[in-house]
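Structure file coords_35.cif with mmCIF, C-alpha atoms and all ligand atoms:
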data_entry
#
loop_
_atom_site.label_atom_id
_atom_site.label_comp_id
_atom_site.auth_asym_id
_atom_site.auth_seq_id
_atom_site.Cartn_x
_atom_site.Cartn_y
_atom_site.Cartn_z
CA MET A 80 23.42 -171.64 -45.35
CA GLU A 81 25.94 -168.83 -45.13
CA PRO A 82 29.57 -170.03 -44.76
CA MET A 83 31.38 -169.38 -41.48
CA ILE A 84 34.06 -166.74 -41.44
CA GLY A 85 37.11 -168.34 -39.88
CA SER A 86 40.82 -167.80 -39.56
CA ARG A 87 41.50 -169.56 -42.86
CA HIS A 88 39.87 -166.56 -44.52
CA ARG A 89 42.23 -164.05 -42.91
CA LEU A 90 43.70 -161.97 -45.66
CA PRO A 91 47.35 -161.45 -46.49
CA PRO A 92 48.72 -157.90 -46.20
CA SER A 93 48.76 -157.67 -50.02
CA ASP A 94 44.96 -157.67 -49.98
CA ARG A 95 44.70 -154.66 -47.73
CA GLU A 96 43.79 -152.40 -50.67
CA PRO A 97 41.37 -154.73 -52.45
CA VAL A 98 39.30 -152.12 -54.30
CA ARG A 99 39.68 -148.66 -55.72
CA VAL A 100 37.19 -146.45 -53.91
CA GLY A 101 35.73 -143.68 -56.05
CA ALA A 102 33.43 -142.21 -53.41
CA VAL A 103 31.61 -143.11 -50.21
CA SER A 104 28.19 -142.06 -49.02
CA PRO A 105 28.32 -142.84 -45.31
CA LEU A 106 24.60 -142.76 -44.59
CA THR A 107 21.71 -143.42 -46.94
CA ILE A 108 18.28 -145.00 -46.82
CA SER A 109 17.87 -145.39 -50.57
CA GLU A 110 20.49 -147.95 -51.60
CA TRP A 111 19.30 -151.05 -49.68
CA PRO A 112 15.50 -151.16 -49.32
CA GLY A 113 14.46 -151.08 -45.69
CA ARG A 114 17.94 -150.54 -44.32
CA VAL A 115 20.10 -147.62 -43.29
CA CYS A 116 23.45 -148.20 -44.91
CA ALA A 117 26.71 -146.78 -46.17
CA ILE A 118 27.60 -147.22 -49.82
CA ILE A 119 31.06 -147.55 -51.30
CA PHE A 120 31.19 -146.50 -54.95
CA CYS A 121 33.92 -148.61 -56.54
CA GLN A 122 35.85 -146.98 -59.36
CA GLY A 123 35.61 -148.45 -62.85
CA CYS A 124 33.24 -150.29 -65.15
CA ALA A 125 33.60 -152.53 -68.20
CA TRP A 126 30.50 -151.23 -69.97
CA ARG A 127 29.55 -147.79 -71.29
CA CYS A 128 25.79 -147.55 -70.82
CA ARG A 129 24.44 -144.54 -72.62
CA TYR A 130 22.26 -143.48 -69.67
CA CYS A 131 24.96 -144.02 -67.02
CA ASP A 132 24.55 -141.20 -64.52
CA LYS A 133 27.95 -141.43 -62.88
CA PRO A 134 30.40 -140.96 -65.75
CA GLU A 135 33.22 -140.10 -63.34
CA LEU A 136 33.08 -143.62 -61.91
CA VAL A 137 33.33 -145.45 -65.24
CA SER A 138 37.05 -145.17 -66.03
CA VAL A 139 39.14 -148.09 -64.76
CA ARG A 140 42.27 -145.94 -64.97
CA GLU A 141 41.10 -143.34 -62.50
CA PRO A 142 43.03 -143.66 -59.21
CA ALA A 143 41.26 -144.26 -55.90
CA ARG A 144 39.95 -141.11 -54.23
CA LEU A 145 39.91 -142.71 -50.78
CA GLY A 146 42.16 -145.47 -49.45
CA TRP A 147 40.56 -148.74 -48.43
CA GLN A 148 41.86 -148.64 -44.86
CA ARG A 149 40.52 -145.14 -44.43
CA THR A 150 37.20 -146.27 -45.87
CA LEU A 151 37.04 -149.08 -43.33
CA ALA A 152 37.88 -146.65 -40.51
CA MET A 153 35.05 -144.37 -41.63
CA LEU A 154 32.58 -147.26 -41.69
CA GLU A 155 33.70 -148.41 -38.24
CA ALA A 156 33.23 -144.89 -36.85
CA ARG A 157 29.60 -144.91 -38.01
CA ARG A 158 28.68 -148.52 -37.43
CA ARG A 159 26.24 -147.75 -34.61
CA VAL A 160 24.13 -145.88 -37.14
CA ALA A 161 24.82 -148.03 -40.19
CA ASN A 162 25.98 -151.61 -39.82
CA ASN A 163 25.06 -152.30 -43.44
CA VAL A 164 27.44 -151.60 -46.30
CA VAL A 165 26.59 -151.69 -50.00
CA LEU A 166 29.33 -152.16 -52.59
CA GLY A 167 28.25 -150.22 -55.66
CA GLY A 168 29.92 -148.36 -58.46
CA GLY A 169 30.84 -148.22 -61.26
CA GLU A 170 30.73 -151.98 -61.37
CA PRO A 171 32.10 -153.42 -58.11
CA LEU A 172 32.94 -156.78 -59.69
CA VAL A 173 35.33 -155.13 -62.13
CA GLN A 174 37.67 -155.09 -59.11
CA ARG A 175 39.47 -158.39 -59.19
CA ASN A 176 39.86 -158.44 -55.41
CA LEU A 177 36.30 -157.57 -54.51
CA PHE A 178 36.07 -160.92 -52.73
CA SER A 179 38.77 -159.70 -50.33
CA ALA A 180 36.83 -156.50 -49.71
CA VAL A 181 33.68 -158.47 -48.93
CA MET A 182 35.61 -160.72 -46.56
CA GLN A 183 37.16 -157.80 -44.74
CA LEU A 184 33.73 -156.26 -44.22
CA ARG A 185 32.27 -159.55 -43.04
CA GLU A 186 35.15 -160.11 -40.64
CA ARG A 187 34.17 -156.79 -39.09
CA ASP A 188 30.57 -157.99 -38.78
CA PHE A 189 29.13 -155.66 -41.36
CA GLN A 190 26.13 -156.83 -43.35
CA VAL A 191 27.13 -156.56 -47.00
CA GLY A 192 24.98 -155.81 -50.03
CA LEU A 193 26.05 -155.58 -53.67
CA HIS A 194 24.85 -153.56 -56.65
CA THR A 195 25.93 -155.14 -59.91
CA ALA A 196 25.09 -155.05 -63.60
CA GLY A 197 26.03 -158.72 -63.86
CA ILE A 198 29.10 -158.13 -65.99
CA PHE A 199 31.12 -160.94 -64.39
CA PRO A 200 28.93 -163.98 -63.62
CA GLU A 201 31.80 -166.11 -62.27
CA ARG A 202 32.99 -163.39 -59.88
CA LEU A 203 29.41 -162.86 -58.74
CA GLU A 204 29.07 -166.57 -58.02
CA LYS A 205 32.18 -166.46 -55.86
CA VAL A 206 30.99 -163.61 -53.62
CA LEU A 207 27.29 -164.57 -53.47
CA PRO A 208 27.51 -166.88 -50.42
CA TRP A 209 29.01 -164.06 -48.37
CA LEU A 210 26.42 -161.42 -49.18
CA GLN A 211 23.23 -160.50 -47.34
CA TRP A 212 21.58 -158.88 -50.36
CA VAL A 213 22.13 -158.34 -54.09
CA ALA A 214 20.58 -155.87 -56.52
CA LEU A 215 21.09 -156.91 -60.14
CA ASP A 216 20.43 -154.40 -62.91
CA ILE A 217 18.87 -156.10 -65.93
CA LYS A 218 19.00 -153.39 -68.54
CA ALA A 219 16.96 -154.77 -71.41
CA LEU A 220 15.89 -157.89 -73.23
CA GLU A 221 19.05 -159.92 -73.78
CA GLU A 222 19.00 -159.25 -77.52
CA ASP A 223 18.68 -155.47 -76.95
CA TYR A 224 21.63 -155.00 -74.59
CA LEU A 225 24.10 -153.71 -77.15
CA ALA A 226 21.99 -150.60 -77.79
CA THR A 227 22.34 -149.60 -74.15
CA THR A 228 25.74 -150.91 -73.00
CA ARG A 229 27.56 -150.58 -76.34
CA VAL A 230 29.32 -153.87 -75.57
CA SER A 231 28.54 -157.00 -77.58
CA GLY A 232 27.70 -160.10 -75.55
CA SER A 233 26.71 -157.99 -72.54
CA GLY A 234 23.16 -159.39 -72.47
CA ARG A 235 24.45 -162.96 -72.24
CA LYS A 236 26.65 -162.01 -69.26
CA ALA A 237 23.78 -160.31 -67.46
CA MET A 238 21.48 -163.29 -67.94
CA ALA A 239 24.16 -165.68 -66.70
CA SER A 240 24.49 -163.53 -63.59
CA LEU A 241 20.74 -163.50 -63.11
CA GLU A 242 20.64 -167.29 -63.26
CA ARG A 243 23.37 -167.52 -60.61
CA MET A 244 21.69 -164.98 -58.37
CA LEU A 245 18.34 -166.74 -58.55
CA ALA A 246 19.95 -170.12 -57.90
CA SER A 247 21.45 -168.79 -54.67
CA ALA A 248 19.59 -168.30 -51.40
CA VAL A 249 20.66 -164.67 -51.15
CA PRO A 250 17.82 -162.12 -50.89
CA SER A 251 17.81 -160.12 -54.06
CA GLU A 252 16.18 -157.46 -56.16
CA CYS A 253 16.16 -157.36 -59.92
CA ARG A 254 15.93 -153.84 -61.32
CA THR A 255 15.69 -152.19 -64.70
CA THR A 256 16.83 -148.67 -65.36
CA VAL A 257 14.49 -147.13 -67.91
CA HIS A 258 15.39 -144.31 -70.27
CA TRP A 259 12.53 -143.77 -72.68
CA GLN A 260 14.83 -143.30 -75.67
CA LEU A 261 16.23 -146.81 -75.09
CA MET A 262 13.12 -148.62 -73.86
CA ASP A 263 9.46 -148.75 -74.85
CA GLU A 264 6.35 -150.16 -73.21
CA ASP A 265 6.19 -153.31 -75.32
CA ARG A 266 9.79 -154.25 -74.64
CA LEU A 267 9.41 -153.51 -70.93
CA ILE A 268 6.39 -155.80 -70.65
CA ARG A 269 8.19 -158.55 -72.55
CA LEU A 270 11.19 -158.12 -70.25
CA ALA A 271 8.95 -158.34 -67.17
CA ASP A 272 7.38 -161.51 -68.59
CA ARG A 273 10.78 -163.06 -69.10
CA LEU A 274 12.07 -162.12 -65.65
CA ALA A 275 8.95 -163.42 -63.92
CA ALA A 276 9.24 -166.69 -65.85
CA MET A 277 12.85 -167.04 -64.72
CA GLY A 278 11.81 -166.71 -61.08
CA VAL A 279 12.32 -163.04 -60.23
CA ARG A 280 10.00 -162.11 -57.35
CA ASP A 281 11.24 -158.66 -56.35
CA TYR A 282 11.46 -156.20 -59.21
CA ALA A 283 12.05 -152.48 -59.46
CA ILE A 284 11.92 -149.95 -62.27
CA GLN A 285 14.33 -147.06 -61.86
CA LEU A 286 13.72 -144.09 -64.11
CA ALA A 287 17.01 -142.90 -65.51
CA ARG A 288 18.20 -139.39 -65.01
CA THR A 289 17.99 -137.36 -68.15
CA ARG A 290 20.85 -134.98 -67.36
CA GLY A 291 24.54 -135.70 -67.02
CA ASN A 292 24.37 -139.06 -68.79
CA LEU A 293 27.49 -140.73 -70.15
CA ASP A 294 26.12 -140.23 -73.68
CA PRO A 295 25.34 -136.51 -73.97
CA GLY A 296 23.43 -137.25 -77.18
CA LEU A 297 20.58 -138.98 -75.34
CA GLU A 298 17.38 -137.05 -75.68
CA ASN A 299 15.01 -136.33 -72.85
CA ARG A 300 12.13 -138.41 -74.20
CA PRO A 301 8.83 -138.12 -72.34
CA ALA A 302 7.39 -141.15 -70.58
CA PRO A 303 4.45 -142.95 -72.19
CA VAL A 304 1.15 -141.26 -71.42
CA ASN A 305 -0.33 -143.84 -69.09
CA THR A 306 2.58 -145.06 -66.99
CA GLU A 307 0.31 -145.87 -64.03
CA ALA A 308 -1.44 -148.54 -66.11
CA LEU A 309 1.93 -149.81 -67.29
CA TRP A 310 3.25 -150.11 -63.72
CA LYS A 311 0.08 -151.91 -62.69
CA GLU A 312 0.40 -154.38 -65.52
CA ILE A 313 4.07 -155.07 -64.79
CA GLY A 314 3.60 -155.16 -61.03
CA ALA A 315 1.02 -157.94 -61.31
CA ARG A 316 3.82 -160.30 -62.31
CA PHE A 317 5.87 -159.92 -59.12
CA ARG A 318 5.58 -160.39 -55.36
CA ARG A 319 7.07 -156.94 -54.79
CA PHE A 320 7.29 -154.19 -57.37
CA THR A 321 8.72 -150.71 -56.92
CA VAL A 322 9.04 -147.70 -59.20
CA ARG A 323 11.81 -145.27 -58.31
CA GLU A 324 11.75 -141.84 -59.76
CA THR A 325 15.48 -141.71 -60.36
CA THR A 326 18.46 -143.97 -60.18
CA ARG A 327 21.20 -143.30 -57.65
CA PRO A 328 22.26 -139.74 -56.91
CA ALA A 329 23.72 -137.74 -59.75
CA SER A 330 27.47 -137.38 -59.79
CA ARG A 331 27.39 -133.98 -58.16
CA GLU A 332 25.45 -135.39 -55.25
CA VAL A 333 27.73 -138.42 -55.01
CA ASN A 334 30.62 -136.12 -54.46
CA GLN A 335 28.70 -134.11 -51.90
CA GLY A 336 28.14 -137.38 -50.06
CA PHE A 337 31.83 -138.20 -50.15
CA ALA A 338 33.03 -138.20 -46.57
CA VAL A 339 36.38 -138.37 -44.91
CA PRO A 340 36.57 -139.05 -41.18
S1 LIG B 401 25.24 -147.79 -65.73
FE1 LIG B 401 26.41 -149.23 -64.47
S2 LIG B 401 27.03 -150.86 -65.89
FE2 LIG B 401 26.45 -149.10 -67.12
S3 LIG B 401 28.35 -147.93 -67.50
FE3 LIG B 401 27.37 -147.03 -65.68
S4 LIG B 401 28.31 -148.11 -63.96
FE4 LIG B 401 28.71 -149.36 -65.80
#

The structure given in the file should be rewritten as structure tokens.
Ligand code: SF4
Amino acid sequence: MEPMIGSRHRLPPSDREPVRVGAVSPLTISEWPGRVCAIIFCQGCAWRCRYCDKPELVSVREPARLGWQRTLAMLEARRRVANNVVLGGGEPLVQRNLFSAVMQLRERDFQVGLHTAGIFPERLEKVLPWLQWVALDIKALEEDYLATTRVSGSGRKAMASLERMLASAVPSECRTTVHWQLMDEDRLIRLADRLAAMGVRDYAIQLARTRGNLDPGLENRPAPVNTEALWKEIGARFRRFTVRETTRPASREVNQGFAVP
């Protein structure tokens, strides 16, 4: 059961800027399946995925582009249209005070979702009870992670996060971003097998953008010939299976969605 939000959770003034906001998209239907929501793109990430399509959000040194209080004011102004807020990025959990951000949103009666790559399993565990939904990006078989994230040990972290997410009662989606230079059919089927065996029920494939990636050396490899058969084979392992043509909006579009009240 979800914990109660009470006065003991009121935050000290020092937590009034809990995250660095890189951008905000105030209204979207594509970031939380079935819900109209706003999304806050937190600045900074600890990994350097070659296919990352928002390179401007990766640096942890980049200053905030929008203050937290102003972000909250913008969300409040639109809450009749979107009472759901997704914390995305970048990697939201790279922000040490993300818990405070979640609490401030919950205190204002927003429903809160999280996009994460599972980089910080312990931080994820701390915020999980306060969330209404989580989307966890599982990028590859654990042993293949380094080729995508360029960070050793990243697969172990992601799997530890997946275990915590599945052990919680929070509705969740597991998703894999596929770039055909970094993934092949055999590996994708083996990954789907592994995820299904771990207890994943809702799974999505997101086809990576092939322009504007963090690694400009990635080639635009064509998809395998019979992807429909591949999706059918993978989808049979899950209760719900979705294929999305692209990941989140490209950086240019993120900035177009950036709104200031
Ligand atoms: S794809 Fe996600 S986890 Fe990877 S570098 Fe980009 S923001 Fe970080």

- Spatial neighbours of A:Leu106, max dist 8 Å, only C-alpha atoms, sep filter under 3 positions, as a PyMOL selection string: chain A and resi 115-118+161

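With only C-alpha atoms and all ligand atoms as the basis for measurement, A:Glu170 is the residue among A:Asp272, A:Glu96, A:Asp265, A:Glu170 that approaches ligand LIG 401 (chain B) most closely.
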
Can you pull out every residue with an atom within 7 Å of ligand LIG 401 (chain B)? Use all atoms listed in the file and format it as a PDB file with C-alpha atoms, in the coordinates of the input.
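Written out: selection15.pdb:
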ATOM      1  CA  CYS A 124      33.240-150.290 -65.150  1.00  0.00           C
ATOM      2  CA  ALA A 125      33.600-152.530 -68.200  1.00  0.00           C
ATOM      3  CA  TRP A 126      30.500-151.230 -69.970  1.00  0.00           C
ATOM      4  CA  ARG A 127      29.550-147.790 -71.290  1.00  0.00           C
ATOM      5  CA  CYS A 128      25.790-147.550 -70.820  1.00  0.00           C
ATOM      6  CA  TYR A 130      22.260-143.480 -69.670  1.00  0.00           C
ATOM      7  CA  CYS A 131      24.960-144.020 -67.020  1.00  0.00           C
ATOM      8  CA  ASP A 132      24.550-141.200 -64.520  1.00  0.00           C
ATOM      9  CA  LYS A 133      27.950-141.430 -62.880  1.00  0.00           C
ATOM     10  CA  PRO A 134      30.400-140.960 -65.750  1.00  0.00           C
ATOM     11  CA  LEU A 136      33.080-143.620 -61.910  1.00  0.00           C
ATOM     12  CA  VAL A 137      33.330-145.450 -65.240  1.00  0.00           C
ATOM     13  CA  GLY A 168      29.920-148.360 -58.460  1.00  0.00           C
ATOM     14  CA  GLY A 169      30.840-148.220 -61.260  1.00  0.00           C
ATOM     15  CA  GLU A 170      30.730-151.980 -61.370  1.00  0.00           C
ATOM     16  CA  ALA A 196      25.090-155.050 -63.600  1.00  0.00           C
ATOM     17  CA  THR A 228      25.740-150.910 -73.000  1.00  0.00           C
TER      18      THR A 228
END

Selection near A:Glu307, 12 Å with all atoms listed in the file, sequence-local residues under 5 positions removed, as a CSV table (one decimal) with C-alpha atoms, keeping the file's coordinate frame:
chain,number,residue,atom,x,y,z
A,264,GLU,CA,6.4,-150.2,-73.2
A,302,ALA,CA,7.4,-141.2,-70.6
A,312,GLU,CA,0.4,-154.4,-65.5
A,313,ILE,CA,4.1,-155.1,-64.8
A,314,GLY,CA,3.6,-155.2,-61.0
A,322,VAL,CA,9.0,-147.7,-59.2

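Residues in contact range of A:Pro200, defined as at most 12 Å between all atoms listed in the file, with sequence neighbours fewer than 6 positions away removed, read Leu172, Val173, Val206, Leu207, Leu215, Ser233, Gly234, Arg235, Lys236, Ala237, Met238, Ala239, Ser240, Leu241, Glu242, Arg243 and Met244 of chain A.
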
- Message: When you look at A:Cys253 with a cut-off of 9 Å (counting only C-alpha atoms), what residues show up, excluding the ones that are within fewer than 3 positions of it in the same chain? I need them as a PyMOL selection string.
- Response: chain A and resi 213-217+241+274+279-284

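As for atom CA of A:Val100 and atom CA of A:Pro295, they are spaced 25.3 Å apart.
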
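Atom CA of A:Thr227 to atom CA of A:Asp263 spans 12.9 Å [interatomic distance, one decimal].
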
- Could you give me, as an MDAnalysis selection string, the residues within 12 Å of A:Arg149, counting all atoms listed in the file and dropping anything in the same chain fewer than 2 positions from it? chainID A and resid 95:96 99:100 102:103 119 143:147 151:156 338:340

Box centre and edge lengths (Å, one decimal), axis-aligned, stretch 179-182 of chain A plus 5 Å each side, as lines of an AutoDock Vina configuration file:
center_x = 36.2
center_y = -158.6
center_z = -48.4
size_x = 15.1
size_y = 14.2
size_z = 13.8

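Proximity of A:Arg187, A:Arg254, A:Arg300, A:Arg269 to A:Thr321, computed with all atoms listed in the file, is greatest for A:Arg254.
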
- Message: One number please: atom CA of A:Pro171 to atom CA of A:Ile268, in Å, one decimal.
- Response: 28.7 Å

- Message: For a cutoff of 7 Å around the file-coordinate point (27.1, -159.4, -44.5), which residues qualify once you count all atoms listed in the file? I'd like the result as a ChimeraX atom specification.
- Response: /A:185,188-192,209-211

- Note on the structure: One residue among A:Met262, A:Gly101, A:Leu166, A:Ala276 is nearest to A:Glu135 when using only C-alpha atoms, and that residue is A:Gly101

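Taking all atoms listed in the file into account, A:His258 lies nearest to A:Ala287 out of the set A:Ala287, A:Leu203, A:Leu184, A:Val165.
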